[in-house]
$ cat my_file29.pdb   # PDB, C-alpha atoms and all ligand atoms
ATOM      1  CA  MET A   1      -3.837 -32.753  33.850  1.00  0.00           C
ATOM      2  CA  LEU A   2      -4.686 -29.058  33.525  1.00  0.00           C
ATOM      3  CA  LYS A   3      -8.419 -28.435  33.057  1.00  0.00           C
ATOM      4  CA  VAL A   4      -9.079 -25.581  30.640  1.00  0.00           C
ATOM      5  CA  ALA A   5     -12.271 -23.622  29.891  1.00  0.00           C
ATOM      6  CA  VAL A   6     -12.266 -21.603  26.661  1.00  0.00           C
ATOM      7  CA  LEU A   7     -14.423 -18.536  25.934  1.00  0.00           C
ATOM      8  CA  ILE A   8     -15.145 -17.433  22.363  1.00  0.00           C
ATOM      9  CA  SER A   9     -17.338 -15.041  20.382  1.00  0.00           C
ATOM     10  CA  GLY A  10     -16.679 -16.026  16.781  1.00  0.00           C
ATOM     11  CA  THR A  11     -15.545 -18.762  14.451  1.00  0.00           C
ATOM     12  CA  GLY A  12     -13.267 -20.367  17.030  1.00  0.00           C
ATOM     13  CA  SER A  13     -10.417 -21.369  14.733  1.00  0.00           C
ATOM     14  CA  ASN A  14      -7.927 -20.895  17.562  1.00  0.00           C
ATOM     15  CA  LEU A  15     -10.214 -22.892  19.859  1.00  0.00           C
ATOM     16  CA  ARG A  16     -10.229 -25.675  17.295  1.00  0.00           C
ATOM     17  CA  ALA A  17      -6.438 -25.758  17.200  1.00  0.00           C
ATOM     18  CA  LEU A  18      -6.371 -26.034  20.994  1.00  0.00           C
ATOM     19  CA  LEU A  19      -8.982 -28.821  20.903  1.00  0.00           C
ATOM     20  CA  GLU A  20      -6.846 -30.696  18.380  1.00  0.00           C
ATOM     21  CA  ALA A  21      -3.706 -30.244  20.483  1.00  0.00           C
ATOM     22  CA  ALA A  22      -5.526 -31.368  23.632  1.00  0.00           C
ATOM     23  CA  SER A  23      -6.832 -34.511  21.962  1.00  0.00           C
ATOM     24  CA  ASP A  24      -3.246 -35.790  21.787  1.00  0.00           C
ATOM     25  CA  PRO A  25      -2.806 -37.942  24.917  1.00  0.00           C
ATOM     26  CA  SER A  26       0.707 -36.564  25.409  1.00  0.00           C
ATOM     27  CA  TYR A  27      -0.566 -32.957  25.679  1.00  0.00           C
ATOM     28  CA  PRO A  28      -0.808 -32.072  29.385  1.00  0.00           C
ATOM     29  CA  ALA A  29      -4.114 -30.140  29.252  1.00  0.00           C
ATOM     30  CA  ARG A  30      -7.749 -31.017  28.538  1.00  0.00           C
ATOM     31  CA  ILE A  31     -10.572 -28.715  27.450  1.00  0.00           C
ATOM     32  CA  VAL A  32     -13.421 -29.208  29.940  1.00  0.00           C
ATOM     33  CA  ALA A  33     -15.847 -26.541  28.697  1.00  0.00           C
ATOM     34  CA  VAL A  34     -16.343 -23.990  25.927  1.00  0.00           C
ATOM     35  CA  GLY A  35     -18.458 -20.899  26.509  1.00  0.00           C
ATOM     36  CA  ALA A  36     -19.651 -17.994  24.386  1.00  0.00           C
ATOM     37  CA  ASP A  37     -21.328 -14.620  24.843  1.00  0.00           C
ATOM     38  CA  ARG A  38     -23.507 -15.152  21.764  1.00  0.00           C
ATOM     39  CA  ALA A  39     -24.554 -17.902  19.353  1.00  0.00           C
ATOM     40  CA  ALA A  40     -20.964 -18.258  18.141  1.00  0.00           C
ATOM     41  CA  ALA A  41     -20.251 -20.497  15.154  1.00  0.00           C
ATOM     42  CA  GLY A  42     -17.190 -21.834  16.970  1.00  0.00           C
ATOM     43  CA  LEU A  43     -19.342 -23.706  19.494  1.00  0.00           C
ATOM     44  CA  ALA A  44     -19.721 -26.358  16.786  1.00  0.00           C
ATOM     45  CA  HIS A  45     -16.061 -27.292  17.314  1.00  0.00           C
ATOM     46  CA  ALA A  46     -16.819 -28.144  20.943  1.00  0.00           C
ATOM     47  CA  ASP A  47     -19.739 -30.339  19.839  1.00  0.00           C
ATOM     48  CA  GLU A  48     -17.541 -32.115  17.322  1.00  0.00           C
ATOM     49  CA  PHE A  49     -14.952 -32.907  20.005  1.00  0.00           C
ATOM     50  CA  GLY A  50     -17.637 -33.945  22.523  1.00  0.00           C
ATOM     51  CA  ILE A  51     -16.842 -31.062  24.873  1.00  0.00           C
ATOM     52  CA  PRO A  52     -19.700 -29.479  26.859  1.00  0.00           C
ATOM     53  CA  SER A  53     -20.502 -25.938  25.858  1.00  0.00           C
ATOM     54  CA  PHE A  54     -22.627 -23.107  27.185  1.00  0.00           C
ATOM     55  CA  THR A  55     -23.842 -19.749  25.913  1.00  0.00           C
ATOM     56  CA  VAL A  56     -24.466 -16.770  28.170  1.00  0.00           C
ATOM     57  CA  PRO A  57     -25.886 -14.223  25.692  1.00  0.00           C
ATOM     58  CA  PHE A  58     -24.793 -10.735  26.664  1.00  0.00           C
ATOM     59  CA  ALA A  59     -27.966  -9.342  25.120  1.00  0.00           C
ATOM     60  CA  ASP A  60     -30.134 -11.248  27.645  1.00  0.00           C
ATOM     61  CA  PHE A  61     -28.862  -9.317  30.674  1.00  0.00           C
ATOM     62  CA  ALA A  62     -29.721  -5.878  32.022  1.00  0.00           C
ATOM     63  CA  SER A  63     -26.102  -5.042  32.850  1.00  0.00           C
ATOM     64  CA  ARG A  64     -22.559  -6.204  32.187  1.00  0.00           C
ATOM     65  CA  ASP A  65     -22.195  -7.190  35.836  1.00  0.00           C
ATOM     66  CA  GLU A  66     -25.289  -9.409  35.712  1.00  0.00           C
ATOM     67  CA  TRP A  67     -23.977 -11.027  32.560  1.00  0.00           C
ATOM     68  CA  GLY A  68     -20.645 -11.520  34.314  1.00  0.00           C
ATOM     69  CA  GLU A  69     -22.289 -13.190  37.305  1.00  0.00           C
ATOM     70  CA  ALA A  70     -24.060 -15.681  35.029  1.00  0.00           C
ATOM     71  CA  LEU A  71     -20.852 -16.330  33.099  1.00  0.00           C
ATOM     72  CA  GLU A  72     -18.955 -16.828  36.352  1.00  0.00           C
ATOM     73  CA  ARG A  73     -21.501 -19.430  37.517  1.00  0.00           C
ATOM     74  CA  GLU A  74     -21.167 -21.392  34.259  1.00  0.00           C
ATOM     75  CA  LEU A  75     -17.393 -21.238  34.374  1.00  0.00           C
ATOM     76  CA  ALA A  76     -17.236 -22.219  38.032  1.00  0.00           C
ATOM     77  CA  ALA A  77     -19.423 -25.254  37.332  1.00  0.00           C
ATOM     78  CA  ALA A  78     -16.720 -26.508  34.956  1.00  0.00           C
ATOM     79  CA  ALA A  79     -14.090 -26.037  37.713  1.00  0.00           C
ATOM     80  CA  PRO A  80     -11.272 -25.077  35.330  1.00  0.00           C
ATOM     81  CA  ASP A  81      -7.660 -24.619  36.401  1.00  0.00           C
ATOM     82  CA  LEU A  82      -7.253 -22.118  33.559  1.00  0.00           C
ATOM     83  CA  VAL A  83      -9.627 -19.907  31.546  1.00  0.00           C
ATOM     84  CA  VAL A  84      -8.573 -19.087  27.982  1.00  0.00           C
ATOM     85  CA  LEU A  85     -10.117 -16.137  26.129  1.00  0.00           C
ATOM     86  CA  SER A  86      -9.820 -17.181  22.509  1.00  0.00           C
ATOM     87  CA  GLY A  87     -11.551 -14.457  20.549  1.00  0.00           C
ATOM     88  CA  LEU A  88     -13.984 -13.389  23.288  1.00  0.00           C
ATOM     89  CA  MET A  89     -14.898  -9.936  21.987  1.00  0.00           C
ATOM     90  CA  ARG A  90     -16.065  -8.528  25.282  1.00  0.00           C
ATOM     91  CA  LEU A  91     -14.376  -7.122  28.374  1.00  0.00           C
ATOM     92  CA  LEU A  92     -14.769  -9.436  31.339  1.00  0.00           C
ATOM     93  CA  PRO A  93     -16.357  -7.701  34.342  1.00  0.00           C
ATOM     94  CA  ARG A  94     -14.059  -7.262  37.355  1.00  0.00           C
ATOM     95  CA  GLY A  95     -15.896  -9.958  39.315  1.00  0.00           C
ATOM     96  CA  VAL A  96     -15.071 -12.646  36.753  1.00  0.00           C
ATOM     97  CA  VAL A  97     -11.435 -11.573  36.561  1.00  0.00           C
ATOM     98  CA  ALA A  98     -11.196 -11.522  40.364  1.00  0.00           C
ATOM     99  CA  ARG A  99     -12.697 -15.004  40.628  1.00  0.00           C
ATOM    100  CA  PHE A 100     -10.207 -16.693  38.288  1.00  0.00           C
ATOM    101  CA  ALA A 101      -7.141 -14.384  38.223  1.00  0.00           C
ATOM    102  CA  PRO A 102      -4.338 -14.905  37.560  1.00  0.00           C
ATOM    103  CA  GLN A 103      -5.424 -18.140  35.863  1.00  0.00           C
ATOM    104  CA  ILE A 104      -6.991 -16.329  32.873  1.00  0.00           C
ATOM    105  CA  ILE A 105      -5.139 -15.765  29.620  1.00  0.00           C
ATOM    106  CA  ASN A 106      -6.056 -14.064  26.352  1.00  0.00           C
ATOM    107  CA  THR A 107      -4.806 -14.276  22.784  1.00  0.00           C
ATOM    108  CA  HIS A 108      -4.522 -11.016  20.881  1.00  0.00           C
ATOM    109  CA  PRO A 109      -3.759 -10.360  17.186  1.00  0.00           C
ATOM    110  CA  ALA A 110      -1.110  -7.651  17.736  1.00  0.00           C
ATOM    111  CA  TYR A 111       2.253  -7.169  19.413  1.00  0.00           C
ATOM    112  CA  LEU A 112       1.040  -5.766  22.733  1.00  0.00           C
ATOM    113  CA  PRO A 113       1.188  -3.150  24.133  1.00  0.00           C
ATOM    114  CA  GLU A 114       0.777  -2.012  20.525  1.00  0.00           C
ATOM    115  CA  PHE A 115      -2.821  -1.979  19.223  1.00  0.00           C
ATOM    116  CA  PRO A 116      -4.875  -3.274  22.171  1.00  0.00           C
ATOM    117  CA  GLY A 117      -8.662  -3.622  22.035  1.00  0.00           C
ATOM    118  CA  ALA A 118     -11.237  -5.062  19.687  1.00  0.00           C
ATOM    119  CA  HIS A 119      -9.581  -4.036  16.399  1.00  0.00           C
ATOM    120  CA  GLY A 120      -5.930  -4.960  16.782  1.00  0.00           C
ATOM    121  CA  VAL A 121      -5.461  -5.946  13.137  1.00  0.00           C
ATOM    122  CA  ARG A 122      -7.409  -3.010  11.666  1.00  0.00           C
ATOM    123  CA  ASP A 123      -5.600  -0.526  13.916  1.00  0.00           C
ATOM    124  CA  ALA A 124      -2.169  -1.838  12.894  1.00  0.00           C
ATOM    125  CA  LEU A 125      -3.076  -1.479   9.210  1.00  0.00           C
ATOM    126  CA  ALA A 126      -4.460   2.021   9.762  1.00  0.00           C
ATOM    127  CA  ALA A 127      -1.243   3.036  11.536  1.00  0.00           C
ATOM    128  CA  GLY A 128       0.783   2.024   8.462  1.00  0.00           C
ATOM    129  CA  VAL A 129       3.295  -0.066  10.434  1.00  0.00           C
ATOM    130  CA  ASP A 130       5.400  -2.599   8.549  1.00  0.00           C
ATOM    131  CA  GLN A 131       5.164  -5.212  11.264  1.00  0.00           C
ATOM    132  CA  THR A 132       2.617  -6.218  13.854  1.00  0.00           C
ATOM    133  CA  GLY A 133       2.353  -9.486  15.756  1.00  0.00           C
ATOM    134  CA  ALA A 134       0.542 -11.877  18.040  1.00  0.00           C
ATOM    135  CA  SER A 135       0.518 -11.998  21.825  1.00  0.00           C
ATOM    136  CA  VAL A 136      -0.688 -14.209  24.659  1.00  0.00           C
ATOM    137  CA  ILE A 137      -1.185 -12.340  27.919  1.00  0.00           C
ATOM    138  CA  VAL A 138      -2.549 -12.731  31.426  1.00  0.00           C
ATOM    139  CA  VAL A 139      -5.939 -11.015  31.763  1.00  0.00           C
ATOM    140  CA  ASP A 140      -6.196  -8.185  34.261  1.00  0.00           C
ATOM    141  CA  ASP A 141      -8.790  -5.428  34.702  1.00  0.00           C
ATOM    142  CA  GLY A 142      -7.451  -3.349  31.808  1.00  0.00           C
ATOM    143  CA  VAL A 143      -7.882  -3.702  28.060  1.00  0.00           C
ATOM    144  CA  ASP A 144      -5.059  -6.059  27.023  1.00  0.00           C
ATOM    145  CA  THR A 145      -2.741  -4.659  29.708  1.00  0.00           C
ATOM    146  CA  GLY A 146      -1.816  -7.845  31.594  1.00  0.00           C
ATOM    147  CA  PRO A 147       1.641  -9.443  31.727  1.00  0.00           C
ATOM    148  CA  ILE A 148       2.844 -10.786  28.372  1.00  0.00           C
ATOM    149  CA  LEU A 149       3.460 -14.552  28.315  1.00  0.00           C
ATOM    150  CA  ALA A 150       4.517 -14.956  24.678  1.00  0.00           C
ATOM    151  CA  GLN A 151       4.591 -12.853  21.555  1.00  0.00           C
ATOM    152  CA  GLU A 152       5.977 -12.873  18.051  1.00  0.00           C
ATOM    153  CA  ARG A 153       6.425 -10.327  15.266  1.00  0.00           C
ATOM    154  CA  ILE A 154       4.602 -10.747  11.916  1.00  0.00           C
ATOM    155  CA  PRO A 155       5.320  -8.555   8.868  1.00  0.00           C
ATOM    156  CA  VAL A 156       2.596  -6.438   7.272  1.00  0.00           C
ATOM    157  CA  LEU A 157       2.871  -7.053   3.509  1.00  0.00           C
ATOM    158  CA  PRO A 158       2.076  -4.599   0.705  1.00  0.00           C
ATOM    159  CA  GLY A 159      -1.570  -5.042  -0.275  1.00  0.00           C
ATOM    160  CA  ASP A 160      -2.557  -6.659   3.028  1.00  0.00           C
ATOM    161  CA  THR A 161      -6.207  -6.288   3.986  1.00  0.00           C
ATOM    162  CA  GLU A 162      -7.560  -6.793   7.487  1.00  0.00           C
ATOM    163  CA  ASP A 163      -8.550 -10.339   6.456  1.00  0.00           C
ATOM    164  CA  THR A 164      -5.280 -11.377   4.811  1.00  0.00           C
ATOM    165  CA  LEU A 165      -3.215  -9.997   7.675  1.00  0.00           C
ATOM    166  CA  HIS A 166      -5.458 -11.585  10.313  1.00  0.00           C
ATOM    167  CA  GLU A 167      -5.277 -14.957   8.556  1.00  0.00           C
ATOM    168  CA  ARG A 168      -1.453 -14.751   8.682  1.00  0.00           C
ATOM    169  CA  ILE A 169      -1.527 -13.771  12.357  1.00  0.00           C
ATOM    170  CA  LYS A 170      -3.873 -16.537  13.516  1.00  0.00           C
ATOM    171  CA  PRO A 171      -1.538 -19.498  12.889  1.00  0.00           C
ATOM    172  CA  VAL A 172       1.101 -17.744  15.006  1.00  0.00           C
ATOM    173  CA  GLU A 173      -1.463 -17.081  17.744  1.00  0.00           C
ATOM    174  CA  ARG A 174      -2.402 -20.779  17.701  1.00  0.00           C
ATOM    175  CA  ARG A 175       1.171 -21.920  18.036  1.00  0.00           C
ATOM    176  CA  LEU A 176       1.845 -19.464  20.892  1.00  0.00           C
ATOM    177  CA  LEU A 177      -1.402 -20.356  22.680  1.00  0.00           C
ATOM    178  CA  ILE A 178      -0.861 -24.114  22.469  1.00  0.00           C
ATOM    179  CA  ASP A 179       2.688 -23.683  23.757  1.00  0.00           C
ATOM    180  CA  VAL A 180       1.697 -21.332  26.607  1.00  0.00           C
ATOM    181  CA  VAL A 181      -1.073 -23.697  27.777  1.00  0.00           C
ATOM    182  CA  ARG A 182       1.403 -26.586  27.643  1.00  0.00           C
ATOM    183  CA  ARG A 183       3.964 -24.656  29.685  1.00  0.00           C
ATOM    184  CA  ILE A 184       1.329 -23.674  32.264  1.00  0.00           C
ATOM    185  CA  ALA A 185       0.213 -27.303  32.493  1.00  0.00           C
ATOM    186  CA  THR A 186       3.732 -28.596  33.081  1.00  0.00           C
ATOM    187  CA  GLY A 187       4.471 -25.883  35.644  1.00  0.00           C
ATOM    188  CA  GLU A 188       7.210 -24.431  33.456  1.00  0.00           C
ATOM    189  CA  LEU A 189       5.237 -21.185  33.342  1.00  0.00           C
ATOM    190  CA  ARG A 190       3.685 -19.801  36.537  1.00  0.00           C
ATOM    191  CA  LEU A 191       0.964 -17.214  36.132  1.00  0.00           C
ATOM    192  CA  ASP A 192       1.533 -15.801  39.604  1.00  0.00           C
ATOM    193  CA  ALA A 193       5.084 -14.936  38.522  1.00  0.00           C
ATOM    194  CA  PRO A 194       5.106 -14.759  34.703  1.00  0.00           C
ATOM    195  CA  ALA A 195       8.465 -14.492  33.004  1.00  0.00           C
ATOM    196  CA  ILE A 196       8.189 -11.689  30.460  1.00  0.00           C
ATOM    197  CA  PRO A 197      10.218 -12.592  27.365  1.00  0.00           C
TER     198      PRO A 197
HETATM  199  C1  LIG B   1      -8.238 -14.069  17.192  1.00  0.00           C
HETATM  200  O1  LIG B   1      -7.345 -13.460  16.289  1.00  0.00           O
HETATM  201  C2  LIG B   1      -8.116 -13.437  18.559  1.00  0.00           C
HETATM  202  O2  LIG B   1      -6.830 -13.059  18.894  1.00  0.00           O
HETATM  203  C3  LIG B   1      -8.979 -12.235  18.392  1.00  0.00           C
HETATM  204  O3  LIG B   1     -10.114 -12.732  17.731  1.00  0.00           O
HETATM  205  C4  LIG B   1      -9.684 -13.756  16.827  1.00  0.00           C
HETATM  206  C5  LIG B   1     -10.576 -14.944  16.999  1.00  0.00           C
HETATM  207  O4  LIG B   1     -10.443 -15.804  15.929  1.00  0.00           O
HETATM  208  N1  LIG B   1      -9.276 -11.636  19.656  1.00  0.00           N
HETATM  209  C6  LIG B   1      -9.284 -10.322  19.844  1.00  0.00           C
HETATM  210  O5  LIG B   1      -9.116  -9.508  18.959  1.00  0.00           O
HETATM  211  C7  LIG B   1      -9.560  -9.907  21.275  1.00  0.00           C
HETATM  212  N2  LIG B   1      -9.271  -8.528  21.449  1.00  0.00           N
HETATM  213  P1  LIG B   1     -11.128 -17.250  15.941  1.00  0.00           P
HETATM  214  O6  LIG B   1     -12.565 -17.055  16.417  1.00  0.00           O
HETATM  215  O7  LIG B   1     -11.051 -17.720  14.539  1.00  0.00           O
HETATM  216  O8  LIG B   1     -10.325 -18.100  16.880  1.00  0.00           O
END

$ encode --input "my_file29.pdb" --output "structure tokens"
Amino acid sequence: MLKVAVLISGTGSNLRALLEAASDPSYPARIVAVGADRAAAGLAHADEFGIPSFTVPFADFASRDEWGEALERELAAAAPDLVVLSGLMRLLPRGVVARFAPQIINTHPAYLPEFPGAHGVRDALAAGVDQTGASVIVVDDGVDTGPILAQERIPVLPGDTEDTLHERIKPVERRLLIDVVRRIATGELRLDAPAIP
């Protein structure tokens, strides 16, 4: 059974979908811990599912590296086989990536390498494209530059706002994330040699 730690910053709707998937006994992964870099509303989902959670508030540390060291200690205590960034709105320091790589994946609301970074949905709208997407990638030291594990195109519709487009992207992200975690857990997908679709 693959042990998964999930890191969030926000509402955690994708986390919740993963928690629901993992509560099915036939799903080959279990969530062992949920962490956040702030008092994220999504931590309530972990409580509801009886999963331990921790917060390592970025604002409490003098530097990003010190924050990263504290985060790494919390993560290591949960001994995960896989770390999932599910809406963590902060770059992981190199030390954290080095500790868990390549067993760290991230969901992103755009068709990478298009529109990386913190505003993937807003940037796609601003660019005036007629389609964007959702991606699940391996985390490396760059900003959304790691190997792509799964991705899917999503149309931008006339009149879309950042919210309406993001709400159409998220269900696709959830489906891709749940499937990628399943394939990692069964050994179908190997993060040391990812098959790029
Ligand atoms: C998701 O769309 C995720 O891809 C995005 O934040 C959202 C979190 O939603 N992450 C990024 O943009 C990272 N660059 P949620 O809190 O409702 O799951």

$ closest_residue --input "my_file29.pdb" --among "A:Leu189, A:Val34, A:Leu165, A:Ala39" --to "A:Arg122" --atoms "only C-alpha atoms"
A:Leu165

$ atom_distance --input "my_file29.pdb" --atom1 "atom CA of A:Leu75" --atom2 "atom CA of A:Leu7"
9.3 Å

$ atom_distance --input "my_file29.pdb" --atom1 "atom CA of A:Gly159" --atom2 "atom CA of A:Ala124"
13.6 Å

$ resolve_selection --input "my_file29.pdb" --expression "the PyMOL selection byres (((not hetatm)) within 7 of (chain B and resi 1))" --output "PyMOL selection string"
chain A and resi 8-15+42+86-89+107-109+116-120+166+170+173

$ resolve_selection --input "my_file29.pdb" --expression "the PyMOL selection byres (((chain A and resi 144-146) around 8) and not hetatm)" --output "JSON, numbers by chain"
{"A": [108, 112, 113, 116, 117, 137, 138, 139, 140, 141, 142, 143, 147, 148]}

$ atom_distance --input "my_file29.pdb" --atom1 "atom CA of A:Glu20" --atom2 "atom CA of A:Asp179"
13.0 Å

$ resolve_selection --input "my_file29.pdb" --expression "the PyMOL selection byres (((chain A and resi 68) around 8) and not hetatm)" --output "list in words"
Arg64, Asp65, Glu66, Trp67, Glu69, Ala70, Leu71, Glu72, Leu92, Pro93, Gly95 and Val96 of chain A

$ build_atoms --input "my_file29.pdb" --residues "stretch 176-186 of chain A" --atoms "all heavy atoms" --output "short mmCIF file (atom, residue, chain, number, x, y, z; two decimals), in the frame of the given file"
data_model
loop_
_atom_site.label_atom_id
_atom_site.label_comp_id
_atom_site.auth_asym_id
_atom_site.auth_seq_id
_atom_site.Cartn_x
_atom_site.Cartn_y
_atom_site.Cartn_z
N LEU A 176 1.48 -20.06 19.60
CA LEU A 176 1.84 -19.46 20.89
C LEU A 176 0.89 -19.95 21.98
O LEU A 176 1.32 -20.31 23.09
CB LEU A 176 1.80 -17.93 20.82
CG LEU A 176 2.81 -17.24 19.88
CD1 LEU A 176 2.62 -15.72 19.94
CD2 LEU A 176 4.24 -17.60 20.23
N LEU A 177 -0.41 -19.97 21.67
CA LEU A 177 -1.40 -20.36 22.68
C LEU A 177 -1.21 -21.81 23.12
O LEU A 177 -1.20 -22.11 24.32
CB LEU A 177 -2.81 -20.16 22.11
CG LEU A 177 -3.97 -20.57 23.04
CD1 LEU A 177 -3.97 -19.71 24.30
CD2 LEU A 177 -5.30 -20.47 22.31
N ILE A 178 -1.03 -22.69 22.15
CA ILE A 178 -0.86 -24.11 22.47
C ILE A 178 0.39 -24.31 23.32
O ILE A 178 0.41 -25.09 24.28
CB ILE A 178 -0.81 -24.95 21.16
CG1 ILE A 178 -2.20 -24.97 20.53
CG2 ILE A 178 -0.28 -26.36 21.42
CD1 ILE A 178 -2.24 -25.46 19.09
N ASP A 179 1.44 -23.56 23.00
CA ASP A 179 2.69 -23.68 23.76
C ASP A 179 2.55 -23.10 25.16
O ASP A 179 3.03 -23.68 26.14
CB ASP A 179 3.83 -23.01 22.99
CG ASP A 179 5.16 -23.31 23.65
OD1 ASP A 179 5.47 -24.51 23.81
OD2 ASP A 179 5.87 -22.37 24.02
N VAL A 180 1.88 -21.95 25.28
CA VAL A 180 1.70 -21.33 26.61
C VAL A 180 0.86 -22.26 27.50
O VAL A 180 1.21 -22.49 28.67
CB VAL A 180 1.05 -19.94 26.48
CG1 VAL A 180 0.48 -19.46 27.81
CG2 VAL A 180 2.06 -18.93 25.95
N VAL A 181 -0.23 -22.80 26.97
CA VAL A 181 -1.07 -23.70 27.78
C VAL A 181 -0.26 -24.93 28.20
O VAL A 181 -0.33 -25.37 29.35
CB VAL A 181 -2.36 -24.09 27.02
CG1 VAL A 181 -3.12 -25.18 27.75
CG2 VAL A 181 -3.25 -22.86 26.80
N ARG A 182 0.55 -25.44 27.29
CA ARG A 182 1.40 -26.59 27.64
C ARG A 182 2.36 -26.23 28.77
O ARG A 182 2.52 -26.97 29.74
CB ARG A 182 2.20 -27.05 26.40
CG ARG A 182 3.06 -28.28 26.64
CD ARG A 182 3.98 -28.59 25.46
NE ARG A 182 4.90 -27.49 25.16
CZ ARG A 182 5.96 -27.16 25.90
NH1 ARG A 182 6.26 -27.84 26.98
NH2 ARG A 182 6.72 -26.13 25.56
N ARG A 183 2.99 -25.05 28.66
CA ARG A 183 3.96 -24.66 29.68
C ARG A 183 3.30 -24.36 31.03
O ARG A 183 3.88 -24.62 32.08
CB ARG A 183 4.78 -23.45 29.20
CG ARG A 183 5.77 -23.85 28.11
CD ARG A 183 6.78 -22.75 27.81
NE ARG A 183 6.20 -21.64 27.11
CZ ARG A 183 6.39 -20.35 27.43
NH1 ARG A 183 7.17 -20.02 28.43
NH2 ARG A 183 5.83 -19.41 26.72
N ILE A 184 2.06 -23.87 31.00
CA ILE A 184 1.33 -23.67 32.26
C ILE A 184 1.02 -25.05 32.87
O ILE A 184 1.19 -25.27 34.07
CB ILE A 184 0.03 -22.87 32.03
CG1 ILE A 184 0.37 -21.44 31.62
CG2 ILE A 184 -0.85 -22.89 33.28
CD1 ILE A 184 -0.82 -20.63 31.10
N ALA A 185 0.60 -25.98 32.01
CA ALA A 185 0.21 -27.30 32.49
C ALA A 185 1.39 -28.05 33.11
O ALA A 185 1.22 -28.79 34.08
CB ALA A 185 -0.40 -28.12 31.35
N THR A 186 2.57 -27.87 32.55
CA THR A 186 3.73 -28.60 33.08
C THR A 186 4.35 -27.87 34.27
O THR A 186 5.25 -28.41 34.92
CB THR A 186 4.83 -28.75 32.00
OG1 THR A 186 5.23 -27.44 31.58
CG2 THR A 186 4.36 -29.58 30.82
#
